[in-house]
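Visitor: See target-v4.txt below, with compact mmCIF, C-alpha atoms.
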```txt
# COMPACT_ATOMS: atom_id res chain seq x y z
CA MET A 1 -34.88 -16.46 34.50
CA SER A 2 -38.11 -17.86 35.91
CA ASP A 3 -41.49 -16.18 35.89
CA ALA A 4 -40.73 -14.85 39.34
CA ALA A 5 -37.82 -12.81 38.07
CA LEU A 6 -38.00 -9.36 36.60
CA ARG A 7 -39.21 -9.10 33.09
CA VAL A 8 -36.47 -7.24 31.32
CA GLN A 9 -38.05 -4.45 29.40
CA GLU A 10 -36.38 -3.13 26.37
CA ALA A 11 -34.04 -0.48 27.65
CA THR A 12 -35.51 2.90 26.97
CA LEU A 13 -33.39 5.70 25.66
CA LEU A 14 -34.31 7.69 28.76
CA ASP A 15 -32.88 4.99 31.04
CA LEU A 16 -29.78 4.75 28.91
CA LEU A 17 -29.18 8.51 29.08
CA ASP A 18 -29.90 8.52 32.82
CA ARG A 19 -27.06 6.06 33.26
CA VAL A 20 -24.51 7.15 30.69
CA ILE A 21 -24.65 10.93 30.92
CA ASP A 22 -22.89 12.38 33.96
CA ASN A 23 -22.02 9.08 35.61
CA GLY A 24 -18.81 7.14 35.49
CA VAL A 25 -15.21 7.12 36.54
CA VAL A 26 -12.93 9.97 35.51
CA LEU A 27 -9.18 9.48 35.65
CA ALA A 28 -6.88 12.42 36.04
CA GLY A 29 -4.71 13.11 33.05
CA ASP A 30 -4.38 15.07 29.91
CA ILE A 31 -7.97 14.93 28.75
CA THR A 32 -8.22 16.01 25.16
CA ILE A 33 -11.96 16.17 25.23
CA SER A 34 -14.89 15.21 27.39
CA VAL A 35 -17.90 15.01 25.13
CA ALA A 36 -20.30 15.34 28.05
CA ASP A 37 -18.82 18.74 28.81
CA VAL A 38 -19.33 20.01 25.31
CA ASP A 39 -22.26 22.42 25.55
CA LEU A 40 -23.72 21.08 22.38
CA ILE A 41 -24.40 17.70 23.90
CA TYR A 42 -27.31 19.38 25.64
CA LEU A 43 -28.71 20.51 22.32
CA GLY A 44 -28.60 16.92 21.14
CA LEU A 45 -30.19 15.74 24.38
CA ARG A 46 -32.94 18.31 23.98
CA VAL A 47 -33.95 16.57 20.79
CA LEU A 48 -33.55 13.09 22.23
CA LEU A 49 -35.61 13.92 25.30
CA ALA A 50 -38.34 15.99 23.81
CA PRO A 51 -39.49 17.95 26.89
CA VAL A 52 -37.31 20.94 27.54
CA GLU A 53 -37.93 20.81 31.30
CA ARG A 54 -35.44 18.02 31.66
CA LEU A 55 -32.42 20.02 30.57
CA PRO A 56 -31.72 21.97 33.75
CA GLU A 57 -31.92 18.71 35.62
CA LEU A 58 -29.33 17.05 33.46
CA ALA A 59 -27.07 19.99 33.95
CA SER A 60 -27.42 19.78 37.72
CA ARG A 61 -27.40 16.05 38.22
CA ALA A 62 -24.48 16.38 40.57
CA ASP A 63 -26.86 18.00 43.07
CA ALA A 64 -29.42 15.23 42.80
CA PRO A 65 -30.54 13.89 46.15
CA ARG A 66 -29.00 10.59 47.00
CA MET A 67 -30.29 7.92 49.30
CA GLU A 68 -27.74 5.26 49.99
CA VAL A 69 -28.46 2.00 51.70
CA ALA A 70 -25.82 0.00 53.49
CA ARG A 71 -23.71 -2.26 51.36
CA ALA A 72 -24.08 -5.95 52.06
CA MET B 1 -3.51 -12.32 15.30
CA SER B 2 -5.43 -13.14 18.44
CA ALA B 3 -7.03 -10.49 20.59
CA ALA B 4 -4.61 -11.48 23.36
CA ALA B 5 -1.65 -10.28 21.39
CA SER B 6 -3.25 -6.97 20.57
CA ALA B 7 -4.48 -6.54 24.12
CA LEU B 8 -1.07 -5.97 25.62
CA ILE B 9 0.27 -2.94 23.97
CA ASP B 10 3.70 -1.51 24.08
CA LEU B 11 3.52 1.67 26.10
CA SER B 12 6.80 3.08 24.92
CA PRO B 13 5.38 5.42 22.30
CA LEU B 14 3.23 7.12 24.89
CA ALA B 15 2.00 10.05 22.91
CA ALA B 16 1.38 7.93 19.90
CA ALA B 17 0.58 8.43 16.29
CA ASP B 18 -1.10 5.91 14.04
CA ALA B 19 0.59 4.39 11.03
CA GLY B 20 -0.36 7.40 8.94
CA GLY B 21 1.26 9.77 11.42
CA ALA B 22 -1.99 11.33 12.72
CA PRO B 23 -1.85 12.11 16.47
CA GLN B 24 -3.68 9.53 18.53
CA GLY B 25 -5.68 9.61 21.73
CA TRP B 26 -7.34 6.98 23.89
CA TYR B 27 -11.09 6.74 24.38
CA LEU B 28 -11.70 5.22 27.81
CA TYR B 29 -14.66 2.84 28.29
CA GLY B 30 -14.03 1.56 31.77
CA ILE B 31 -11.83 -0.16 34.27
CA THR B 32 -11.75 -3.85 34.91
CA ARG B 33 -9.42 -6.30 36.63
CA ARG B 34 -6.10 -7.28 35.14
CA GLY B 35 -6.03 -10.57 33.29
CA THR B 36 -9.18 -10.05 31.25
CA PRO B 37 -9.39 -13.07 28.94
CA PRO B 38 -8.98 -12.36 25.22
CA GLU B 39 -12.46 -13.67 24.45
CA VAL B 40 -13.99 -11.01 26.71
CA LEU B 41 -12.21 -8.25 24.83
CA ALA B 42 -13.07 -9.92 21.53
CA ALA B 43 -16.78 -9.91 22.46
CA ALA B 44 -16.61 -6.20 23.22
CA ASN B 45 -14.69 -5.63 20.01
CA ASP B 46 -17.54 -7.10 18.02
CA VAL B 47 -19.66 -4.15 19.07
CA GLN B 48 -19.66 -1.54 16.40
CA ALA B 49 -17.56 1.40 17.51
CA VAL B 50 -19.70 4.40 16.72
CA ASP B 51 -17.90 6.41 19.38
CA THR B 52 -15.32 6.85 16.73
CA ALA B 53 -18.00 7.63 14.20
CA ALA B 54 -15.77 8.85 11.43
CA ALA B 55 -13.60 5.75 11.67
CA VAL B 56 -16.67 3.56 11.56
CA SER B 57 -18.01 5.18 8.47
CA ARG B 58 -14.67 4.28 6.91
CA GLY B 59 -14.81 0.85 8.56
CA ASP B 60 -11.40 1.16 10.19
CA ALA B 61 -12.00 1.66 13.93
CA ALA B 62 -9.02 0.39 15.87
CA PRO B 63 -9.57 -2.66 18.11
CA LEU B 64 -9.98 -2.25 21.87
CA GLN B 65 -6.89 -2.46 24.02
CA LEU B 66 -6.13 -3.00 27.68
CA LEU B 67 -3.78 -0.69 29.55
CA GLU B 68 -2.75 -2.66 32.61
CA CYS B 69 -1.27 -1.53 35.88
CA GLY B 70 -1.17 -3.44 39.14
CA GLY B 71 -4.39 -5.41 39.48
CA LEU B 72 -6.30 -3.12 37.11
CA ALA B 73 -6.82 -2.76 33.39
CA ALA B 74 -8.31 0.19 31.51
CA VAL B 75 -10.37 -0.70 28.45
CA VAL B 76 -9.47 1.82 25.77
CA ARG B 77 -9.72 2.33 22.04
CA PRO B 78 -7.07 4.28 20.14
CA VAL B 79 -8.75 7.12 18.25
CA THR B 80 -7.47 9.74 15.89
CA LEU B 81 -7.47 13.03 17.79
CA ALA B 82 -8.70 14.83 14.69
CA GLU B 83 -12.01 12.98 15.10
CA PHE B 84 -12.40 14.38 18.60
CA ASN B 85 -11.47 17.87 17.63
CA ILE B 86 -13.95 20.29 19.23
CA ASP B 87 -15.17 21.65 15.90
CA VAL B 88 -15.68 18.18 14.45
CA LEU B 89 -17.56 17.11 17.58
CA LYS B 90 -19.74 20.21 17.57
CA GLU B 91 -20.75 19.38 14.05
CA ARG B 92 -21.49 15.77 14.97
CA LEU B 93 -23.33 16.53 18.20
CA ARG B 94 -25.70 18.86 16.39
CA ASN B 95 -27.19 15.66 15.09
CA ALA B 96 -29.21 13.95 17.81
CA SER B 97 -29.03 10.56 16.13
CA THR B 98 -25.22 10.72 16.10
CA LEU B 99 -25.26 11.52 19.81
CA GLU B 100 -27.63 8.63 20.44
CA ALA B 101 -25.41 6.29 18.43
CA MET B 102 -22.36 7.40 20.43
CA VAL B 103 -24.15 6.84 23.73
CA ARG B 104 -25.42 3.45 22.64
CA SER B 105 -22.03 2.36 21.42
CA HIS B 106 -20.35 3.48 24.66
CA ASP B 107 -22.87 1.36 26.57
CA CYS B 108 -22.60 -1.63 24.23
CA VAL B 109 -18.84 -1.99 24.73
CA ILE B 110 -19.20 -1.62 28.51
CA ASP B 111 -22.16 -4.00 28.54
CA ALA B 112 -20.30 -6.68 26.58
CA ILE B 113 -17.60 -6.69 29.25
CA HIS B 114 -20.01 -6.29 32.16
CA ALA B 115 -21.86 -9.44 31.04
CA ARG B 116 -18.65 -11.42 31.55
CA ARG B 117 -16.61 -9.54 34.14
CA ALA B 118 -17.02 -6.66 36.59
CA ILE B 119 -16.30 -3.26 35.08
CA LEU B 120 -16.45 0.31 36.39
CA PRO B 121 -17.88 2.33 33.50
CA ALA B 122 -15.95 5.45 32.58
CA LYS B 123 -17.58 8.80 32.00
CA PHE B 124 -19.04 9.05 28.51
CA GLY B 125 -16.92 10.48 25.73
CA VAL B 126 -13.61 11.19 27.43
CA VAL B 127 -10.45 11.02 25.32
CA TYR B 128 -6.97 11.08 26.84
CA SER B 129 -4.05 12.26 24.80
CA ASN B 130 -1.56 10.19 26.71
CA ALA B 131 -1.81 6.49 27.61
CA GLN B 132 0.72 6.96 30.40
CA ASP B 133 -1.71 9.30 32.19
CA ILE B 134 -4.29 6.51 32.30
CA VAL B 135 -1.72 4.04 33.61
CA SER B 136 -0.47 6.37 36.35
CA ALA B 137 -4.05 7.20 37.39
CA LEU B 138 -4.67 3.44 37.70
CA ARG B 139 -1.56 3.16 39.84
CA SER B 140 -2.50 6.00 42.17
CA GLY B 141 -6.21 5.11 42.25
CA CYS B 142 -5.68 1.43 42.88
CA ASP B 143 -6.78 1.60 46.54
CA THR B 144 -10.09 3.17 45.54
CA LEU B 145 -10.74 1.33 42.30
CA LEU B 146 -9.93 -2.25 43.29
CA PRO B 147 -12.36 -2.46 46.24
CA GLN B 148 -15.01 -0.68 44.16
CA LEU B 149 -14.52 -3.16 41.33
CA HIS B 150 -14.63 -6.01 43.80
CA SER B 151 -17.96 -4.75 45.16
CA MET B 152 -19.47 -4.81 41.63
CA GLU B 153 -18.61 -8.47 41.09
CA GLY B 154 -21.73 -10.50 40.31
CA ARG B 155 -23.95 -7.43 40.61
CA ASP B 156 -26.04 -5.49 38.12
CA GLU B 157 -27.67 -2.09 38.15
CA TRP B 158 -31.44 -1.97 37.66
CA ALA B 159 -33.43 1.12 36.85
CA VAL B 160 -36.84 1.37 38.52
CA HIS B 161 -39.57 3.88 37.74
CA VAL B 162 -42.60 4.10 39.98
CA TYR B 163 -45.74 5.85 38.81
CA ALA B 164 -48.82 6.79 40.82
CA ALA B 165 -52.27 7.22 39.30
CA ARG B 166 -53.30 10.85 39.78
CA ALA B 167 -56.96 9.99 40.33
CA VAL B 168 -56.17 7.52 43.11
CA VAL B 169 -53.87 9.97 44.86
CA ARG B 170 -56.48 12.73 44.66
CA GLU B 171 -59.20 10.49 46.00
CA ARG B 172 -57.11 9.23 48.85
CA ILE B 173 -56.07 12.71 49.91
CA SER B 174 -59.66 13.98 49.92
CA ALA B 175 -60.74 10.99 51.95
CA ARG B 176 -57.92 11.11 54.48
CA ILE B 177 -57.51 14.81 55.09
CA PRO B 178 -60.70 16.14 56.72
CA ALA B 179 -59.79 19.79 56.14
CA ILE B 180 -59.82 19.22 52.40
CA GLY B 181 -63.14 17.41 52.51
CA ARG B 182 -64.64 20.32 54.50
CA LEU B 183 -63.25 22.91 52.04
CA ARG B 184 -64.81 20.92 49.21
CA ASP B 185 -68.26 20.93 50.82
CA GLU B 186 -67.99 24.61 51.62
CA PHE B 187 -66.90 25.38 48.08
CA ALA B 188 -69.85 23.48 46.61
CA ALA B 189 -72.31 25.54 48.65
CA ALA B 190 -70.57 28.94 48.40
CA ARG B 191 -71.65 32.05 46.50
CA PRO B 192 -69.42 33.03 43.50
CA GLY B 193 -67.18 35.55 45.34
CA ARG B 194 -66.48 33.26 48.24
CA ALA B 195 -66.26 30.24 45.92
CA TYR B 196 -63.36 31.86 44.08
CA PHE B 197 -61.51 32.37 47.35
CA LEU B 198 -62.27 28.83 48.52
CA GLU B 199 -61.23 27.33 45.23
CA ARG B 200 -57.80 28.90 45.52
CA GLN B 201 -57.45 27.75 49.09
CA LEU B 202 -58.52 24.25 48.11
CA ARG B 203 -56.02 24.18 45.26
CA ASP B 204 -53.15 25.21 47.56
CA GLU B 205 -54.13 22.67 50.21
CA MET B 206 -54.42 19.93 47.61
CA GLU B 207 -51.04 20.79 46.12
CA SER B 208 -49.24 20.68 49.42
CA ALA B 209 -51.04 17.52 50.55
CA THR B 210 -50.29 15.85 47.22
CA ARG B 211 -46.62 16.74 47.44
CA GLN B 212 -46.39 15.28 50.93
CA ALA B 213 -48.36 12.15 50.06
CA LEU B 214 -46.26 11.44 46.98
CA ALA B 215 -43.01 12.01 48.84
CA SER B 216 -43.94 9.61 51.61
CA LEU B 217 -45.26 7.07 49.10
CA ALA B 218 -41.97 7.31 47.17
CA GLN B 219 -39.91 6.95 50.33
CA GLY B 220 -41.83 3.83 51.34
CA VAL B 221 -41.37 2.22 47.95
CA PHE B 222 -37.69 3.15 47.84
CA ASP B 223 -37.05 1.69 51.29
CA ARG B 224 -38.78 -1.53 50.41
CA ILE B 225 -36.96 -2.01 47.10
CA ALA B 226 -33.60 -0.89 48.49
CA GLY B 227 -33.94 -3.51 51.21
CA ALA B 228 -33.55 -6.15 48.51
CA ALA B 229 -30.58 -4.41 46.88
CA VAL B 230 -26.94 -3.90 47.78
CA ALA B 231 -27.29 -0.16 47.25
CA GLY B 232 -29.91 2.24 46.00
CA GLN B 233 -29.93 5.77 44.68
CA VAL B 234 -32.76 8.13 43.88
CA ASN B 235 -32.53 10.01 40.62
CA ARG B 236 -34.41 13.24 40.41
CA VAL B 237 -37.74 12.61 38.74
CA ALA B 238 -38.14 14.38 35.46
CA ARG B 239 -41.46 15.68 34.35
CA ALA B 240 -40.63 14.05 31.06
CA ALA B 241 -42.07 10.70 32.14
CA ASP B 242 -45.36 12.06 33.54
CA SER B 243 -48.60 11.65 31.70
CA ALA B 244 -52.14 12.95 32.09
CA ASP B 245 -53.09 9.96 34.24
CA GLU B 246 -49.91 9.24 36.11
CA VAL B 247 -47.12 11.01 37.90
CA GLU B 248 -43.66 9.50 38.20
CA ILE B 249 -42.97 9.50 41.91
CA LEU B 250 -39.68 7.64 42.01
CA ARG B 251 -36.86 7.02 39.63
CA GLY B 252 -34.16 4.97 41.24
CA ALA B 253 -31.06 2.97 40.46
CA PHE B 254 -30.39 -0.19 42.43
CA LEU B 255 -27.35 -2.40 42.61
CA VAL B 256 -28.56 -5.99 42.83
CA ALA B 257 -26.69 -9.26 43.33
CA ARG B 258 -27.41 -11.61 40.43
CA ASP B 259 -28.34 -14.47 42.72
CA ARG B 260 -30.83 -12.22 44.54
CA ILE B 261 -32.59 -10.93 41.46
CA GLU B 262 -35.76 -12.95 42.05
CA HIS B 263 -36.07 -11.57 45.56
CA PHE B 264 -35.52 -8.05 44.23
CA ALA B 265 -38.18 -8.61 41.56
CA ASP B 266 -40.60 -9.85 44.22
CA GLU B 267 -40.03 -6.72 46.28
CA VAL B 268 -40.56 -4.44 43.29
CA ARG B 269 -43.82 -6.20 42.54
CA ALA B 270 -44.86 -6.18 46.18
CA ALA B 271 -44.13 -2.45 46.41
CA ALA B 272 -46.35 -1.84 43.41
CA ASP B 273 -49.13 -4.03 44.78
CA GLU B 274 -49.03 -2.50 48.21
CA GLY B 275 -49.93 1.06 47.34
CA GLU B 276 -53.14 1.52 45.46
CA GLY B 277 -52.69 2.91 41.96
CA LEU B 278 -48.94 2.31 41.82
CA ARG B 279 -47.13 0.91 38.82
CA CYS B 280 -43.45 -0.05 38.59
CA GLU B 281 -41.26 -0.34 35.51
CA CYS B 282 -37.80 -1.85 35.50
CA SER B 283 -34.97 -1.96 33.02
CA GLY B 284 -31.74 -3.83 33.28
CA PRO B 285 -29.40 -5.43 33.86
CA TRP B 286 -27.13 -2.44 33.36
CA ALA B 287 -23.44 -2.03 34.09
CA PRO B 288 -23.11 -0.21 37.45
CA TYR B 289 -23.06 3.33 36.03
CA SER B 290 -24.79 4.96 38.98
CA PHE B 291 -22.50 3.32 41.51
CA ALA B 292 -19.15 3.87 39.86
CA SER B 293 -18.74 7.62 39.83
CA CYS B 294 -15.42 8.82 41.15
CA ASN B 295 -12.54 11.06 40.19
CA ILE B 296 -9.13 9.50 40.40
CA GLU B 297 -6.22 11.87 40.79
CA GLY B 298 -3.01 11.17 38.98
CA ALA B 299 0.29 10.30 40.64
CA GLN B 300 1.85 13.27 42.41
```
Just give me the structure as structure tokens.
Guide:
Amino acid sequence: MSDAALRVQEATLLDLLDRVIDNGVVLAGDITISVADVDLIYLGLRVLLAPVERLPELASRADAPRMEVARA
Amino acid sequence: MSAAASALIDLSPLAAADAGGAPQGWYLYGITRRGTPPEVLAAANDVQAVDTAAAVSRGDAAPLQLLECGGLAAVVRPVTLAEFNIDVLKERLRNASTLEAMVRSHDCVIDAIHARRAILPAKFGVVYSNAQDIVSALRSGCDTLLPQLHSMEGRDEWAVHVYAARAVVRERISARIPAIGRLRDEFAAARPGRAYFLERQLRDEMESATRQALASLAQGVFDRIAGAAVAGQVNRVARAADSADEVEILRGAFLVARDRIEHFADEVRAAADEGEGLRCECSGPWAPYSFASCNIEGAQ
């Protein structure tokens, strides 16, 4: 990548959690467990993301406002 | 034995058990196109599988497999269901570093494939008890999944955070909104009783003006950056990333074509340069997590 390209910053844990938690394809089927639905994951996240304010947001990410732009 | 041989598994024992007889499940990482070369799977296999933490501590995590159907292939890892027992998980998830390791490992496997081939990431930490369910969901979801997969080809997700300097925003609002400037002057000259009243009024006016200014600033930056992307999505801004000097005004995810990345980078920089006191941070390239969310029903 040249100087003009984005400098790739080391992925922060916050960015990683933003992407991995609550996103992704779910296939129908006999799901034995979905870790993200285990209440305790939010306890773990509380420690990972120190400020407590973030928790209600994670829980309600499905309601997050979306702005879509046209696909090329 | 090569990864190719292990990649095509025999589906006949659908509710399987491992050699020791323990009931097995399938941890799903994502969905890619059929015909994934063995070296791609091998690269993802090299990633340490902490999703199956107990197996890893014993050093015996099973290799990744592909469950293929039509033009699609699900990337899965056989896991012992006992490791994903709710009580075991509750114990493990109590530990934040275990959770972090699981999240990182989930991403590492997906990322290893994404670097070589388009993949739709699966939701984190989902285990299916039956491989046939995954295959029939692929069959019935083919019309949704294939075009979605196709649209991710040669594209990466980038995370963008935009921060505004509080001082600059405050200054600009005072300068541009005459009513606030007048309140300020009045407040400076007022007696204590009236000053208290004016101070509250000033604070309310400032709050509402700041909210509006930040929202329109964020919208402008989003529009500009999204113009250089295939798709863009705003994530709700968490207070977590704010500091005493700066407020995070935009947290977005953008799907960007690899051959347009320099243009995208230019736009991000230009957006930051345009507004006074703005700063942008990017991370990526990520697999297209924010653009791959869907629920696929099984066959009726």
Visitor: Extract, using all atoms listed in the file, all DNA, RNA and protein residues at most 12 Å from Ser208 of chain B, discarding same-chain residues fewer than 5 positions from it, and format them as a PDB file with C-alpha atoms, keeping the file's coordinate frame.
Guide:
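Generated file (result-v4.pdb):
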```pdb
ATOM      1  CA  ARG B 170     -56.480  12.730  44.660  1.00  0.00           C
ATOM      2  CA  ILE B 173     -56.070  12.710  49.910  1.00  0.00           C
ATOM      3  CA  ILE B 177     -57.510  14.810  55.090  1.00  0.00           C
ATOM      4  CA  ILE B 180     -59.820  19.220  52.400  1.00  0.00           C
ATOM      5  CA  GLN B 201     -57.450  27.750  49.090  1.00  0.00           C
ATOM      6  CA  LEU B 202     -58.520  24.250  48.110  1.00  0.00           C
ATOM      7  CA  ARG B 203     -56.020  24.180  45.260  1.00  0.00           C
ATOM      8  CA  ALA B 213     -48.360  12.150  50.060  1.00  0.00           C
ATOM      9  CA  LEU B 214     -46.260  11.440  46.980  1.00  0.00           C
ATOM     10  CA  ALA B 215     -43.010  12.010  48.840  1.00  0.00           C
TER      11      ALA B 215
END
```
Visitor: Extract, using all atoms listed in the file, all DNA, RNA and protein residues at most 12 Å from Gly181 of chain B, discarding same-chain residues fewer than 3 positions from it, and format them as a list in words.
Guide: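 Residues meeting the cut-off are Arg170, Glu171, Arg172, Ile173, Ser174, Ala175, Arg176, Ile177, Pro178, Arg184, Asp185, Glu186, Phe187, Ala188, Leu202, Glu205 and Met206 of chain B.
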Visitor: Under the rule that only C-alpha atoms are counted, which of B:Leu72, B:Ala244, B:Leu183, B:Ile134 is the nearest residue to Pro147 of chain B?
Guide: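 Ranking B:Leu72, B:Ala244, B:Leu183, B:Ile134 by distance to Pro147 of chain B, first place goes to B:Leu72.
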Visitor: Taking into account all atoms listed in the file, which residue in the set B:Ala22, B:Gln219, B:Ile31, B:Ala253 is nearest to Gln148 of chain B?
Guide: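 Closest to Gln148 of chain B, using all atoms listed in the file: B:Ile31.
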Visitor: Expressed in Å to a single decimal, how great is the separation between atom CA of Ala167 of chain B and atom CA of Gln212 of chain B?
Guide: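 Pair atom CA of Ala167 of chain B / atom CA of Gln212 of chain B returns 15.9 Å.
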Visitor: Which residues, written as a VMD selection string, have at least one atom at most 8 Å from Thr32 of chain B, with only C-alpha atoms counted and residues fewer than 2 positions away on the same chain left out?
Guide: chain B and resid 30 34 36 72 to 75 117 to 120 149
